[in-house]
Structure formats: C-alpha cells, structure tokens
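final15.cif, holding mmCIF, C-alpha atoms and all ligand atoms:
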data_coords
#
loop_
_atom_site.group_PDB
_atom_site.id
_atom_site.type_symbol
_atom_site.label_atom_id
_atom_site.label_comp_id
_atom_site.auth_asym_id
_atom_site.auth_seq_id
_atom_site.Cartn_x
_atom_site.Cartn_y
_atom_site.Cartn_z
ATOM 1 C CA MET A 225 -14.754 -9.328 -0.075
ATOM 2 C CA LYS A 226 -14.116 -5.707 0.755
ATOM 3 C CA ILE A 227 -10.466 -4.706 0.811
ATOM 4 C CA VAL A 228 -8.950 -1.531 2.244
ATOM 5 C CA SER A 229 -5.381 -0.471 1.541
ATOM 6 C CA VAL A 230 -3.931 2.512 3.395
ATOM 7 C CA GLY A 231 -0.940 4.508 2.152
ATOM 8 C CA SER A 232 0.796 7.507 3.701
ATOM 9 C CA HIS A 233 1.781 9.199 0.447
ATOM 10 C CA PRO A 234 0.492 8.939 -3.121
ATOM 11 C CA ASP A 235 2.307 5.967 -4.764
ATOM 12 C CA ASP A 236 2.908 3.934 -1.543
ATOM 13 C CA VAL A 237 -0.032 1.596 -2.183
ATOM 14 C CA GLU A 238 0.788 1.222 -5.892
ATOM 15 C CA LEU A 239 4.419 0.313 -5.169
ATOM 16 C CA GLY A 240 3.561 -1.894 -2.219
ATOM 17 C CA MET A 241 0.612 -3.839 -3.599
ATOM 18 C CA GLY A 242 -0.571 -2.553 -6.977
ATOM 19 C CA GLY A 243 -0.499 -6.121 -8.312
ATOM 20 C CA THR A 244 -2.437 -7.540 -5.372
ATOM 21 C CA LEU A 245 -5.075 -4.792 -5.579
ATOM 22 C CA THR A 246 -5.525 -5.613 -9.269
ATOM 23 C CA LYS A 247 -5.811 -9.311 -8.427
ATOM 24 C CA HIS A 248 -8.439 -8.607 -5.742
ATOM 25 C CA LYS A 249 -10.441 -6.593 -8.270
ATOM 26 C CA ASP A 250 -10.117 -9.365 -10.890
ATOM 27 C CA CYS A 251 -11.474 -11.830 -8.295
ATOM 28 C CA GLY A 252 -14.573 -9.640 -7.837
ATOM 29 C CA ASP A 253 -13.526 -7.957 -4.572
ATOM 30 C CA ASP A 254 -14.318 -4.302 -3.906
ATOM 31 C CA THR A 255 -11.094 -2.387 -3.315
ATOM 32 C CA PHE A 256 -10.803 0.887 -1.417
ATOM 33 C CA VAL A 257 -7.670 2.998 -1.024
ATOM 34 C CA ILE A 258 -7.202 5.490 1.806
ATOM 35 C CA LEU A 259 -4.513 8.097 1.213
ATOM 36 C CA CYS A 260 -3.323 9.921 4.340
ATOM 37 C CA THR A 261 -1.435 12.884 2.823
ATOM 38 C CA LEU A 262 -0.766 14.446 -0.539
ATOM 39 C CA GLY A 263 2.962 14.338 -0.130
ATOM 40 C CA GLY A 264 4.408 17.343 1.698
ATOM 41 C CA VAL A 265 7.726 18.378 0.184
ATOM 42 C CA SER A 266 7.718 15.972 -2.748
ATOM 43 C CA GLY A 267 5.424 17.789 -5.170
ATOM 44 C CA ASP A 268 2.438 20.042 -5.799
ATOM 45 C CA PRO A 269 -0.538 18.552 -3.861
ATOM 46 C CA ARG A 270 -2.982 19.224 -6.728
ATOM 47 C CA GLN A 271 -0.731 17.411 -9.171
ATOM 48 C CA ARG A 272 -0.278 14.523 -6.752
ATOM 49 C CA GLU A 273 -4.029 14.270 -6.207
ATOM 50 C CA LYS A 274 -4.573 14.015 -9.973
ATOM 51 C CA GLU A 275 -1.893 11.323 -10.204
ATOM 52 C CA ALA A 276 -3.407 9.368 -7.301
ATOM 53 C CA LEU A 277 -6.848 9.460 -8.946
ATOM 54 C CA GLU A 278 -5.399 8.230 -12.240
ATOM 55 C CA ALA A 279 -3.480 5.418 -10.492
ATOM 56 C CA ALA A 280 -6.651 4.353 -8.648
ATOM 57 C CA ARG A 281 -8.539 4.300 -11.953
ATOM 58 C CA ILE A 282 -5.857 2.077 -13.529
ATOM 59 C CA LEU A 283 -6.034 -0.338 -10.575
ATOM 60 C CA GLY A 284 -9.840 -0.467 -10.732
ATOM 61 C CA VAL A 285 -10.183 0.893 -7.185
ATOM 62 C CA LYS A 286 -13.834 1.343 -6.259
ATOM 63 C CA LYS A 287 -13.181 4.434 -4.172
ATOM 64 C CA LEU A 288 -10.139 6.515 -3.290
ATOM 65 C CA ARG A 289 -10.483 8.392 0.013
ATOM 66 C CA ILE A 290 -8.001 11.233 0.475
ATOM 67 C CA ILE A 291 -7.687 12.439 4.078
ATOM 68 C CA ASN A 292 -4.930 14.980 3.305
ATOM 69 C CA TYR A 293 -3.877 15.166 6.958
ATOM 70 C CA PRO A 294 -0.941 17.509 7.781
ATOM 71 C CA ILE A 295 2.130 15.371 7.143
ATOM 72 C CA SER A 296 4.072 16.829 10.098
ATOM 73 C CA LYS A 297 1.471 15.398 12.475
ATOM 74 C CA LEU A 298 1.844 11.843 11.146
ATOM 75 C CA ASN A 299 5.358 11.237 12.494
ATOM 76 C CA THR A 300 3.878 10.311 15.831
ATOM 77 C CA SER A 301 0.566 8.821 16.850
ATOM 78 C CA THR A 302 -2.364 11.178 17.242
ATOM 79 C CA ILE A 303 -5.756 10.239 18.638
ATOM 80 C CA GLU A 304 -7.378 12.678 16.189
ATOM 81 C CA PHE A 305 -5.967 10.885 13.147
ATOM 82 C CA GLU A 306 -6.758 7.473 14.568
ATOM 83 C CA LYS A 307 -10.397 8.519 15.029
ATOM 84 C CA ILE A 308 -10.611 9.790 11.430
ATOM 85 C CA MET A 309 -9.115 6.513 10.178
ATOM 86 C CA LYS A 310 -11.425 4.389 12.335
ATOM 87 C CA LYS A 311 -14.492 6.282 11.084
ATOM 88 C CA ILE A 312 -13.566 5.708 7.435
ATOM 89 C CA ILE A 313 -12.717 2.035 8.009
ATOM 90 C CA ASP A 314 -15.979 1.481 9.905
ATOM 91 C CA GLU A 315 -17.953 3.142 7.089
ATOM 92 C CA ILE A 316 -16.409 0.807 4.506
ATOM 93 C CA GLY A 317 -16.589 -2.301 6.720
ATOM 94 C CA PRO A 318 -13.729 -4.245 5.095
ATOM 95 C CA ASN A 319 -12.887 -7.920 5.552
ATOM 96 C CA ARG A 320 -9.188 -7.139 5.230
ATOM 97 C CA VAL A 321 -6.971 -4.098 5.760
ATOM 98 C CA TYR A 322 -3.491 -3.627 4.320
ATOM 99 C CA THR A 323 -1.057 -0.921 5.389
ATOM 100 C CA HIS A 324 2.628 -0.115 5.893
ATOM 101 C CA SER A 325 4.858 -2.305 7.995
ATOM 102 C CA PRO A 326 6.011 -0.774 11.301
ATOM 103 C CA PHE A 327 9.505 -1.888 10.196
ATOM 104 C CA ASP A 328 10.210 1.102 7.966
ATOM 105 C CA TYR A 329 12.892 3.792 7.729
ATOM 106 C CA HIS A 330 10.242 6.488 7.095
ATOM 107 C CA GLN A 331 8.780 7.883 10.322
ATOM 108 C CA VAL A 332 5.473 8.780 8.656
ATOM 109 C CA HIS A 333 5.047 5.180 7.433
ATOM 110 C CA VAL A 334 5.771 3.905 10.954
ATOM 111 C CA GLY A 335 3.248 6.331 12.486
ATOM 112 C CA VAL A 336 0.561 5.451 9.935
ATOM 113 C CA SER A 337 1.173 1.711 10.379
ATOM 114 C CA LYS A 338 0.674 1.945 14.129
ATOM 115 C CA MET A 339 -2.403 4.171 13.921
ATOM 116 C CA VAL A 340 -4.088 2.072 11.208
ATOM 117 C CA THR A 341 -3.384 -1.122 13.153
ATOM 118 C CA ARG A 342 -5.159 0.337 16.168
ATOM 119 C CA ALA A 343 -7.989 1.894 14.127
ATOM 120 C CA ALA A 344 -8.600 -1.468 12.396
ATOM 121 C CA ASN A 345 -8.546 -3.408 15.646
ATOM 122 C CA ASP A 346 -12.004 -4.876 14.983
ATOM 123 C CA ILE A 347 -11.110 -6.107 11.474
ATOM 124 C CA ASP A 348 -10.298 -9.824 11.186
ATOM 125 C CA GLN A 349 -7.406 -9.555 8.755
ATOM 126 C CA ILE A 350 -4.571 -7.016 8.809
ATOM 127 C CA LEU A 351 -1.498 -7.366 6.618
ATOM 128 C CA PHE A 352 1.535 -5.161 6.072
ATOM 129 C CA TYR A 353 2.809 -4.539 2.552
ATOM 130 C CA GLU A 354 6.399 -3.911 1.519
ATOM 131 C CA THR A 355 7.496 -0.418 0.514
ATOM 132 C CA ILE A 356 10.404 -0.773 -1.881
ATOM 133 C CA SER A 357 11.874 2.599 -0.927
ATOM 134 C CA SER A 358 11.871 2.220 2.842
ATOM 135 C CA THR A 359 10.865 -1.105 4.404
ATOM 136 C CA THR A 360 13.690 -2.386 6.633
ATOM 137 C CA PRO A 361 15.162 -5.940 6.594
ATOM 138 C CA GLU A 362 13.159 -6.723 9.766
ATOM 139 C CA PHE A 363 10.005 -6.739 7.584
ATOM 140 C CA LYS A 364 10.248 -10.574 7.263
ATOM 141 C CA PRO A 365 7.362 -11.401 4.889
ATOM 142 C CA ASN A 366 5.263 -14.507 5.477
ATOM 143 C CA ALA A 367 2.527 -14.124 2.828
ATOM 144 C CA PHE A 368 2.992 -13.892 -0.949
ATOM 145 C CA VAL A 369 0.777 -13.063 -3.909
ATOM 146 C CA ASP A 370 1.652 -14.147 -7.453
ATOM 147 C CA ILE A 371 1.354 -10.977 -9.557
ATOM 148 C CA THR A 372 3.000 -12.268 -12.749
ATOM 149 C CA LYS A 373 -0.173 -11.495 -14.722
ATOM 150 C CA GLN A 374 -0.813 -8.174 -12.957
ATOM 151 C CA ILE A 375 2.654 -6.630 -13.269
ATOM 152 C CA ASN A 376 1.863 -4.448 -16.281
ATOM 153 C CA THR A 377 -1.135 -2.888 -14.536
ATOM 154 C CA LYS A 378 0.984 -2.307 -11.434
ATOM 155 C CA ILE A 379 3.712 -0.588 -13.447
ATOM 156 C CA ARG A 380 1.150 1.573 -15.256
ATOM 157 C CA SER A 381 -0.300 2.653 -11.894
ATOM 158 C CA VAL A 382 3.157 3.542 -10.595
ATOM 159 C CA LYS A 383 3.951 5.469 -13.786
ATOM 160 C CA ALA A 384 0.786 7.534 -13.262
ATOM 161 C CA HIS A 385 2.796 9.305 -10.539
ATOM 162 C CA LYS A 386 4.648 11.383 -13.124
ATOM 163 C CA SER A 387 5.965 13.888 -10.553
ATOM 164 C CA GLN A 388 7.955 11.045 -8.934
ATOM 165 C CA SER A 389 9.356 9.596 -12.177
ATOM 166 C CA ASN A 390 12.986 10.550 -11.368
ATOM 167 C CA ARG A 391 13.104 8.366 -8.253
ATOM 168 C CA PHE A 392 15.224 5.279 -8.774
ATOM 169 C CA TYR A 393 12.925 2.816 -6.996
ATOM 170 C CA ILE A 394 9.986 3.686 -9.250
ATOM 171 C CA GLN A 395 11.747 2.322 -12.370
ATOM 172 C CA PRO A 396 10.105 -0.834 -13.825
ATOM 173 C CA ASN A 397 13.332 -2.887 -13.718
ATOM 174 C CA ILE A 398 13.685 -2.241 -9.966
ATOM 175 C CA ILE A 399 10.010 -3.095 -9.320
ATOM 176 C CA LYS A 400 10.302 -6.297 -11.368
ATOM 177 C CA SER A 401 13.595 -7.231 -9.735
ATOM 178 C CA LEU A 402 12.107 -7.120 -6.217
ATOM 179 C CA ALA A 403 8.969 -8.959 -7.419
ATOM 180 C CA ASN A 404 11.071 -11.725 -9.021
ATOM 181 C CA THR A 405 13.109 -12.050 -5.821
ATOM 182 C CA ARG A 406 9.942 -12.282 -3.723
ATOM 183 C CA TYR A 407 8.508 -14.927 -6.077
ATOM 184 C CA VAL A 408 11.607 -17.086 -5.705
ATOM 185 C CA TRP A 409 12.182 -16.343 -2.005
ATOM 186 C CA GLY A 410 8.526 -17.072 -1.150
ATOM 187 C CA LYS A 411 8.581 -20.320 -3.175
ATOM 188 C CA VAL A 412 5.508 -19.068 -5.039
ATOM 189 C CA GLY A 413 6.203 -21.226 -8.124
ATOM 190 C CA THR A 414 8.808 -22.421 -10.600
ATOM 191 C CA ASN A 415 8.395 -19.868 -13.391
ATOM 192 C CA PRO A 416 11.826 -18.202 -13.810
ATOM 193 C CA LYS A 417 10.018 -15.009 -14.800
ATOM 194 C CA GLY A 418 7.474 -15.271 -11.964
ATOM 195 C CA LEU A 419 6.705 -12.142 -9.944
ATOM 196 C CA ALA A 420 5.186 -11.694 -6.496
ATOM 197 C CA GLU A 421 4.364 -9.118 -3.848
ATOM 198 C CA SER A 422 5.106 -9.958 -0.252
ATOM 199 C CA PHE A 423 3.298 -9.217 3.001
ATOM 200 C CA ARG A 424 3.648 -9.694 6.725
ATOM 201 C CA ILE A 425 0.549 -11.026 8.470
ATOM 202 C CA HIS A 426 -0.303 -8.995 11.547
ATOM 203 C CA LYS A 427 -3.644 -10.701 12.164
ATOM 204 C CA PHE A 428 -5.569 -13.297 10.172
ATOM 205 C CA ILE A 429 -8.899 -14.718 11.327
ATOM 206 C CA LEU A 430 -11.183 -16.688 8.992
HETATM 207 ZN ZN ZN B 501 5.405 6.933 1.516
#
Mind turning the file's structure into structure tokens?
Amino acid sequence: MKIVSVGSHPDDVELGMGGTLTKHKDCGDDTFVILCTLGGVSGDPRQREKEALEAARILGVKKLRIINYPISKLNTSTIEFEKIMKKIIDEIGPNRVYTHSPFDYHQVHVGVSKMVTRAANDIDQILFYETISSTTPEFKPNAFVDITKQINTKIRSVKAHKSQSNRFYIQPNIIKSLANTRYVWGKVGTNPKGLAESFRIHKFIL
C-alpha cells in the first residue's frame, strides 16, 4: 500500500501518528509525508526543516514533501493550495490519506483538514489523526492502531524536533499517557501497558 500523511506544521504527523507510520513501514507499505508549512512563529524554518527531515528518517518515510506554503494563507481554504495538494497526492497515488481532524482548536489544522479532504476526494480511504495539542473533544475516534511496539520510534521522531522540546505535550510521559488511554478506551487489548493511536474514519472503501 501507499500511505500519505499530511501535517500542517513540522511535528504534527509525528505526534498524531508516528507509531502508525512506523507500523505501515514495518508491514512493507510505502509512506509519504506532506508538510504544509515550516512553522511560522514557532522557530527558524531552516532548523525546523532539518528536524522534519530527521524525524522522517527515523520513521522510515520514503519521501518527505515540504510545500512551505505561507502559514497566514492556511487559516482559510484557498483554491491555490488545494490544487497544489491535489497535484502532489495524484503524483503519489496513495491508497490511504491521513490528515488533521476538522475538530481542532488550531485554525490552520482546520483549514488544512478541509483542503486535504477535498484534494483527496478520489482516494478510497481518508482518516483523521489526533493532535495531542489541539484536537477537540468532538474528535470522537472510531479506529485504533496498537503501537505498543512502535512507541520508542514515535518518541524518537518527536524528540527530533529539538526546537519544540519545551512544549509540555511533546514530553514522552504525556504521549504515552494519551496512547495508554486510547488503547484502553478503544478496547485494543488487555495489556495494562498497551499503547494505541486513534483515528476518525472520514471515508473507507475497500
Ligand atoms: Zn500543527
């Protein structure tokens, strides 16, 4: 399978589904990450690009595509951005696309979610990942991936974003705490130390 995961900022994909991307790769899938911006106010873009490349390497991503679109234009939908996104998605030809949930406190995440959903209209499977820093309670996940064996790779990929290391939600205990909750809440298994990532299915055709 070919898998595309789209994130607004560097570290969104790693936090949302670093374990699942690793699992896809371990299953023999080709994984592609599309990064919409290099962060705006939260760091030097060159530094953040380096960090994103390192995180992608850790996750075994086949190709990282950085659009670096002006962040101020991503708060609302733009046809121009949607066309860029559609072109990249069509070039890759994925079986499944993951992106932000539209239920998010961050306006850029909401804008990207909506534009990716439209750009990937022809793709059979679209799922929304959970962003620990900003997904709202309306997210309501209905798909779960056991990442107990992938957690260390996920945490290493998140730690590659050194410029963000002071943020509270990037700390391993917080990441593990949410993953343990999702494992239990999603009835993924009976391992007390089990960890999972959660998703909301937007569209799933097999
Ligand atoms: Zn973000």
Can you pull out the residues contacting region 298-315 of chain A? Cut-off 6 Å, using all atoms listed in the file, and skip same-chain residues under 2 positions away; I want them as a compact mmCIF listing (two decimals) with C-alpha atoms, in the coordinates of the input.
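Resulting contents of out_11.txt:
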# COMPACT_ATOMS: atom_id res chain seq x y z
CA ILE A 295 2.13 15.37 7.14
CA SER A 296 4.07 16.83 10.10
CA GLY A 317 -16.59 -2.30 6.72
CA GLN A 331 8.78 7.88 10.32
CA VAL A 332 5.47 8.78 8.66
CA GLY A 335 3.25 6.33 12.49
CA MET A 339 -2.40 4.17 13.92
CA ALA A 343 -7.99 1.89 14.13
Residue neighbourhood region 419-429 of chain A, 10 Å, all atoms listed in the file, exclusion window fewer than 3 positions, as a ChimeraX atom specification: /A:239-244,319-325,341,345,347-355,363-375,399-413,415-416
The PyMOL selection byres (((not hetatm)) within 8 of (chain B and resi 501)) resolved against shown file, as a list in words: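 Evaluating the PyMOL selection byres (((not hetatm)) within 8 of (chain B and resi 501)) on this file yields Gly231, Ser232, His233, Pro234, Asp235, Asp236, Gly263, His330, Val332, His333 and Thr355 of chain A.
Applied to the shown file, the PyMOL selection byres (((chain A and resi 328) around 6) and not hetatm) selects the residues A:Pro326, A:Phe327, A:Tyr329, A:His330, A:Ser358, A:Thr359, A:Thr360.
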For Ile316 (chain A), the nearest of the candidates A:Arg289, A:His248, A:Arg380, A:Arg270, counting all atoms listed in the file: A:Arg289
